[in-house]
Structure formats: C-alpha cells, structure tokens
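First comes the structure, then the notes that go with it.
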Amino acid sequence: MLKSQDIVVLLKVHSLGSAWTYDELAKSLETSSSVVHGALQRCEECHLYHAKQRKILKGALEEFLVHGLKYVFPTKVGALVRGIPTAHSAEPLKELLMVNDDNAYVWATGSGKVKGQEITPLYKSVPKVVENDSLFYELLCLVDGLRVGKVRERELTMVELKKRLYE
C-alpha cells in the first residue's frame, strides 16, 4: 500500500535525474535512507518505479497522479495560516489562472510569507526542502493542484504536469 511520502520520493527522484544515492535522496528530503528505500520498494510493487533501471515509470505515475491521487491522498482545506504557496497559488499555475490572493493555498510554516488556507503537504518535510529545487517545488504544487483543484484548474494542471514529467 502506497504512503503519501512515496509520491514525494518519486517526484524528488525525477527532479534529481539519474545521479543520486539513497543517502543523498534522504538528506534532500530530510528523512532517513530506510524511508526512501521503503518508498521506492512500494512504488516498484505498484508499478510506478523500476528499481533495476532506477527509472520512474512516467506513464503510470502520470495516470496515478491525474486519476487516483485525490482519492488515495485527499486533502482538506484548513484554517488561515502563514506558509509557502502551493497548488494554484504558486507557479506555474498562478500565471495561468486569475487567482485572488484571498484564496491562496499554503503549506503551513513559520517562515512563510504568504497568508492562506492550509493544505497538508504529502510529507511533513516538504515546506523545508522545496527551497533549493525549483522543479521539485513545481511538481509538488501541481500535485496539490490535482488534489484541490476544480475541473478547469485540474485540466491546466495536467498539461503542466505532462510538460515537467516528459522534459
């Protein structure tokens, strides 16, 4: 059974490309190597990752993200908090949609500069680890766009997600 952190690990693997070790991956996500190893094992069992080739099965991942993610890892919009923008409140969706700043979605963090409605990230360290990897941050924001977006936002999100997965 997949855990939400497994999707975070897969997206980080995608953003790092082929040059990574379990230790580097774990440090970049502020977790342990055993968490990363377990995540990739579960992803292989679900046919989202091929361990021997160290390759994400992008078609399967895309299908799962677009059609299954919001059912398996649903999110509830929470209270107003300070945090880091996500979903349609962050790039690349923010530039594509007319977004009212009063309806911002954020991952809660004390260092956040935007006030908005809280969305729980897929993994607890996400707000801390997205700063140094713009592709990883965009992917996670797009994933949140799929989790909370309405039909129009989801359609735009799917297009942007495909661009980033198949670049």
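Ligands are numbered from 1 in the order shown, chains are lettered A, B, ... in the order of the structure tokens, and residues start at 1 in each chain.
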Rows by chain and residue number, region 52-92 of chain A within 7 Å of region 113-128 of chain A, shortest pair, only C-alpha atoms, as a Markdown table:
```
| residue | atom | partner | partner_atom | distance |
| --- | --- | --- | --- | --- |
| A:Thr75 | CA | A:Ile119 | CA | 6.7 |
| A:Lys76 | CA | A:Ile119 | CA | 6.6 |
| A:Val77 | CA | A:Ile119 | CA | 5.4 |
| A:Gly78 | CA | A:Glu118 | CA | 4.6 |
| A:Ala79 | CA | A:Gln117 | CA | 5.4 |
| A:Leu80 | CA | A:Gln117 | CA | 4.5 |
| A:Val81 | CA | A:Lys115 | CA | 5.5 |
| A:Arg82 | CA | A:Lys115 | CA | 4.4 |
| A:Gly83 | CA | A:Val114 | CA | 5.5 |
| A:Ile84 | CA | A:Val114 | CA | 6.3 |
| A:Pro85 | CA | A:Val114 | CA | 6.7 |
```
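If you count only C-alpha atoms and ignore residues fewer than 3 places along the chain from Leu11 (chain A), what sits within 9 Å of it is A:Asp6, A:Ile7, A:Val8, A:His14, A:Ser15, A:Leu16, A:Ile56, A:Phe136, A:Leu139, A:Leu140.
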Let me see the file: selected residues, N, CA and C atoms, as a PDB file, in the first residue's frame.
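Written out: result-v4.pdb:
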```pdb
ATOM      1  N   ASP A   6       5.688   8.368  -0.502  1.00  0.00           N
ATOM      2  CA  ASP A   6       6.214   7.667  -1.672  1.00  0.00           C
ATOM      3  C   ASP A   6       6.141   8.535  -2.921  1.00  0.00           C
ATOM      4  N   ILE A   7       5.070   9.294  -3.045  1.00  0.00           N
ATOM      5  CA  ILE A   7       4.915  10.192  -4.190  1.00  0.00           C
ATOM      6  C   ILE A   7       5.963  11.300  -4.114  1.00  0.00           C
ATOM      7  N   VAL A   8       6.215  11.800  -2.916  1.00  0.00           N
ATOM      8  CA  VAL A   8       7.239  12.836  -2.726  1.00  0.00           C
ATOM      9  C   VAL A   8       8.605  12.295  -3.127  1.00  0.00           C
ATOM     10  N   HIS A  14      12.667  12.137  -9.766  1.00  0.00           N
ATOM     11  CA  HIS A  14      12.513  12.737 -11.096  1.00  0.00           C
ATOM     12  C   HIS A  14      13.282  14.047 -11.202  1.00  0.00           C
ATOM     13  N   SER A  15      13.208  14.867 -10.182  1.00  0.00           N
ATOM     14  CA  SER A  15      13.877  16.172 -10.256  1.00  0.00           C
ATOM     15  C   SER A  15      15.400  16.038 -10.187  1.00  0.00           C
ATOM     16  N   LEU A  16      15.909  14.985  -9.543  1.00  0.00           N
ATOM     17  CA  LEU A  16      17.359  14.783  -9.461  1.00  0.00           C
ATOM     18  C   LEU A  16      17.930  14.115 -10.705  1.00  0.00           C
ATOM     19  N   ILE A  56      11.714   5.981 -13.133  1.00  0.00           N
ATOM     20  CA  ILE A  56      10.301   6.201 -12.848  1.00  0.00           C
ATOM     21  C   ILE A  56       9.504   5.798 -14.075  1.00  0.00           C
ATOM     22  N   PHE A 136      11.239  20.385  -8.340  1.00  0.00           N
ATOM     23  CA  PHE A 136      10.577  19.613  -7.295  1.00  0.00           C
ATOM     24  C   PHE A 136       9.424  20.410  -6.692  1.00  0.00           C
ATOM     25  N   LEU A 139       6.537  20.551  -9.185  1.00  0.00           N
ATOM     26  CA  LEU A 139       5.843  19.258  -9.254  1.00  0.00           C
ATOM     27  C   LEU A 139       4.912  19.070  -8.064  1.00  0.00           C
ATOM     28  N   LEU A 140       5.394  19.400  -6.873  1.00  0.00           N
ATOM     29  CA  LEU A 140       4.551  19.261  -5.685  1.00  0.00           C
ATOM     30  C   LEU A 140       3.362  20.221  -5.719  1.00  0.00           C
TER      31      LEU A 140
END
```
Closest of A:Leu93, A:Leu61, A:Lys55, A:Arg154 to Ala19 (chain A), counting only C-alpha atoms, is A:Lys55
Can you list every residue in chain A that DSSP puts in strand (DSSP E), as JSON, numbers by chain? {"A": [49, 50, 55, 56, 80, 81, 82, 83, 84, 85, 86, 105, 106, 107, 108, 114, 115, 116, 117, 118]}
Would you save the residues of that selection, restricted to C-alpha atoms, as a PDB file, in the first residue's frame?
```pdb
ATOM      1  CA  TYR A  49       9.158   2.666 -10.407  1.00  0.00           C
ATOM      2  CA  HIS A  50      11.662   0.183 -11.882  1.00  0.00           C
ATOM      3  CA  LYS A  55      13.686   4.660 -13.551  1.00  0.00           C
ATOM      4  CA  ILE A  56      10.301   6.201 -12.848  1.00  0.00           C
ATOM      5  CA  LEU A  80      -5.776  30.634   7.560  1.00  0.00           C
ATOM      6  CA  VAL A  81      -2.045  30.333   8.299  1.00  0.00           C
ATOM      7  CA  ARG A  82       1.295  31.695   7.124  1.00  0.00           C
ATOM      8  CA  GLY A  83       3.130  29.440   4.764  1.00  0.00           C
ATOM      9  CA  ILE A  84       4.594  28.642   1.371  1.00  0.00           C
ATOM     10  CA  PRO A  85       2.203  28.932  -1.601  1.00  0.00           C
ATOM     11  CA  THR A  86       1.082  25.721  -3.292  1.00  0.00           C
ATOM     12  CA  TYR A 105      -3.377  27.767  -0.565  1.00  0.00           C
ATOM     13  CA  VAL A 106      -0.237  27.276   1.535  1.00  0.00           C
ATOM     14  CA  TRP A 107       1.810  24.672   3.358  1.00  0.00           C
ATOM     15  CA  ALA A 108       1.982  25.959   6.925  1.00  0.00           C
ATOM     16  CA  VAL A 114       2.007  34.308   2.404  1.00  0.00           C
ATOM     17  CA  LYS A 115      -1.194  34.035   4.379  1.00  0.00           C
ATOM     18  CA  GLY A 116      -3.632  31.490   3.040  1.00  0.00           C
ATOM     19  CA  GLN A 117      -5.696  28.395   3.639  1.00  0.00           C
ATOM     20  CA  GLU A 118      -3.647  25.486   4.864  1.00  0.00           C
TER      21      GLU A 118
END
```
Atomic distance CA of Glu24 (chain A) - CA of Cys46 (chain A), expressed in Å with one decimal: 23.7 Å
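For the atom pair formed by CA of Leu161 (chain A) and CA of Trp20 (chain A), the distance is 22.4 Å, given to one decimal.
Counting only C-alpha atoms and comparing A:Arg152, A:Lys3, A:Arg54, A:Lys70, the residue that lies closest to Val35 (chain A) is A:Lys3.
Each of A:Val66, A:Ala104, A:Val13, A:Met98 was compared to Glu160 (chain A) using only C-alpha atoms, and A:Val66 turns out to be the nearest.
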Need to verify the contact set: Met158 (chain A), 12 Å, only C-alpha atoms, exclusion of same-chain residues closer than 2 positions in sequence. Can you return it as a VMD selection string? chain A and resid 62 to 67 92 to 93 139 141 to 147 149 151 to 156 160 to 165
Written file, previous selection with N, CA and C atoms, as a PDB file, in the first residue's frame:
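Result file is result38.pdb:
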```pdb
ATOM      1  N   GLU A  62       1.959   9.340 -14.116  1.00  0.00           N
ATOM      2  CA  GLU A  62       1.020  10.364 -14.590  1.00  0.00           C
ATOM      3  C   GLU A  62      -0.421   9.898 -14.415  1.00  0.00           C
ATOM      4  N   GLU A  63      -0.700   8.663 -14.816  1.00  0.00           N
ATOM      5  CA  GLU A  63      -2.062   8.134 -14.695  1.00  0.00           C
ATOM      6  C   GLU A  63      -2.515   8.124 -13.233  1.00  0.00           C
ATOM      7  N   PHE A  64      -1.627   7.690 -12.339  1.00  0.00           N
ATOM      8  CA  PHE A  64      -1.984   7.665 -10.921  1.00  0.00           C
ATOM      9  C   PHE A  64      -2.222   9.077 -10.383  1.00  0.00           C
ATOM     10  N   LEU A  65      -1.328  10.005 -10.701  1.00  0.00           N
ATOM     11  CA  LEU A  65      -1.474  11.371 -10.196  1.00  0.00           C
ATOM     12  C   LEU A  65      -2.765  12.015 -10.684  1.00  0.00           C
ATOM     13  N   VAL A  66      -3.053  11.845 -11.961  1.00  0.00           N
ATOM     14  CA  VAL A  66      -4.220  12.500 -12.557  1.00  0.00           C
ATOM     15  C   VAL A  66      -5.525  11.861 -12.100  1.00  0.00           C
ATOM     16  N   HIS A  67      -5.558  10.531 -12.043  1.00  0.00           N
ATOM     17  CA  HIS A  67      -6.829   9.850 -11.800  1.00  0.00           C
ATOM     18  C   HIS A  67      -7.015   9.276 -10.392  1.00  0.00           C
ATOM     19  N   PRO A  92       3.650  26.915 -11.574  1.00  0.00           N
ATOM     20  CA  PRO A  92       3.308  27.565 -12.816  1.00  0.00           C
ATOM     21  C   PRO A  92       1.826  27.901 -12.972  1.00  0.00           C
ATOM     22  N   LEU A  93       0.969  27.402 -12.084  1.00  0.00           N
ATOM     23  CA  LEU A  93      -0.467  27.620 -12.240  1.00  0.00           C
ATOM     24  C   LEU A  93      -0.873  29.058 -11.981  1.00  0.00           C
ATOM     25  N   LEU A 139       6.537  20.551  -9.185  1.00  0.00           N
ATOM     26  CA  LEU A 139       5.843  19.258  -9.254  1.00  0.00           C
ATOM     27  C   LEU A 139       4.912  19.070  -8.064  1.00  0.00           C
ATOM     28  N   CYS A 141       3.578  21.429  -6.244  1.00  0.00           N
ATOM     29  CA  CYS A 141       2.468  22.382  -6.374  1.00  0.00           C
ATOM     30  C   CYS A 141       1.439  21.877  -7.379  1.00  0.00           C
ATOM     31  N   LEU A 142       1.911  21.281  -8.460  1.00  0.00           N
ATOM     32  CA  LEU A 142       0.997  20.713  -9.449  1.00  0.00           C
ATOM     33  C   LEU A 142       0.211  19.535  -8.856  1.00  0.00           C
ATOM     34  N   VAL A 143       0.885  18.715  -8.087  1.00  0.00           N
ATOM     35  CA  VAL A 143       0.204  17.599  -7.429  1.00  0.00           C
ATOM     36  C   VAL A 143      -0.889  18.135  -6.508  1.00  0.00           C
ATOM     37  N   ASP A 144      -0.581  19.194  -5.755  1.00  0.00           N
ATOM     38  CA  ASP A 144      -1.614  19.786  -4.904  1.00  0.00           C
ATOM     39  C   ASP A 144      -2.735  20.397  -5.740  1.00  0.00           C
ATOM     40  N   GLY A 145      -2.399  20.920  -6.916  1.00  0.00           N
ATOM     41  CA  GLY A 145      -3.416  21.437  -7.825  1.00  0.00           C
ATOM     42  C   GLY A 145      -4.388  20.342  -8.241  1.00  0.00           C
ATOM     43  N   LEU A 146      -3.871  19.127  -8.412  1.00  0.00           N
ATOM     44  CA  LEU A 146      -4.740  17.994  -8.737  1.00  0.00           C
ATOM     45  C   LEU A 146      -5.587  17.584  -7.536  1.00  0.00           C
ATOM     46  N   ARG A 147      -5.037  17.751  -6.341  1.00  0.00           N
ATOM     47  CA  ARG A 147      -5.742  17.329  -5.125  1.00  0.00           C
ATOM     48  C   ARG A 147      -6.878  18.281  -4.752  1.00  0.00           C
ATOM     49  N   GLY A 149      -7.911  21.181  -6.891  1.00  0.00           N
ATOM     50  CA  GLY A 149      -8.440  21.977  -7.986  1.00  0.00           C
ATOM     51  C   GLY A 149      -9.808  21.536  -8.475  1.00  0.00           C
ATOM     52  N   VAL A 151     -12.411  21.526 -11.985  1.00  0.00           N
ATOM     53  CA  VAL A 151     -12.208  20.955 -13.316  1.00  0.00           C
ATOM     54  C   VAL A 151     -11.231  21.778 -14.148  1.00  0.00           C
ATOM     55  N   ARG A 152     -11.433  23.073 -14.244  1.00  0.00           N
ATOM     56  CA  ARG A 152     -10.556  23.903 -15.086  1.00  0.00           C
ATOM     57  C   ARG A 152      -9.123  23.889 -14.575  1.00  0.00           C
ATOM     58  N   GLU A 153      -8.947  24.025 -13.262  1.00  0.00           N
ATOM     59  CA  GLU A 153      -7.604  24.015 -12.689  1.00  0.00           C
ATOM     60  C   GLU A 153      -6.930  22.659 -12.912  1.00  0.00           C
ATOM     61  N   ARG A 154      -7.713  21.599 -12.776  1.00  0.00           N
ATOM     62  CA  ARG A 154      -7.148  20.255 -12.970  1.00  0.00           C
ATOM     63  C   ARG A 154      -6.705  20.044 -14.417  1.00  0.00           C
ATOM     64  N   GLU A 155      -7.476  20.553 -15.367  1.00  0.00           N
ATOM     65  CA  GLU A 155      -7.097  20.405 -16.777  1.00  0.00           C
ATOM     66  C   GLU A 155      -5.793  21.127 -17.074  1.00  0.00           C
ATOM     67  N   LEU A 156      -5.653  22.360 -16.585  1.00  0.00           N
ATOM     68  CA  LEU A 156      -4.403  23.099 -16.773  1.00  0.00           C
ATOM     69  C   LEU A 156      -3.254  22.407 -16.046  1.00  0.00           C
ATOM     70  N   GLU A 160       0.480  21.027 -17.543  1.00  0.00           N
ATOM     71  CA  GLU A 160       1.753  21.457 -16.965  1.00  0.00           C
ATOM     72  C   GLU A 160       2.521  20.275 -16.369  1.00  0.00           C
ATOM     73  N   LEU A 161       1.814  19.351 -15.778  1.00  0.00           N
ATOM     74  CA  LEU A 161       2.454  18.178 -15.204  1.00  0.00           C
ATOM     75  C   LEU A 161       3.119  17.324 -16.287  1.00  0.00           C
ATOM     76  N   LYS A 162       2.413  17.119 -17.386  1.00  0.00           N
ATOM     77  CA  LYS A 162       2.980  16.350 -18.508  1.00  0.00           C
ATOM     78  C   LYS A 162       4.260  16.999 -19.019  1.00  0.00           C
ATOM     79  N   LYS A 163       4.248  18.321 -19.150  1.00  0.00           N
ATOM     80  CA  LYS A 163       5.442  19.037 -19.606  1.00  0.00           C
ATOM     81  C   LYS A 163       6.631  18.715 -18.720  1.00  0.00           C
ATOM     82  N   ARG A 164       6.424  18.736 -17.429  1.00  0.00           N
ATOM     83  CA  ARG A 164       7.529  18.539 -16.490  1.00  0.00           C
ATOM     84  C   ARG A 164       7.939  17.077 -16.343  1.00  0.00           C
ATOM     85  N   LEU A 165       7.012  16.167 -16.521  1.00  0.00           N
ATOM     86  CA  LEU A 165       7.357  14.750 -16.406  1.00  0.00           C
ATOM     87  C   LEU A 165       8.120  14.254 -17.623  1.00  0.00           C
TER      88      LEU A 165
END
```
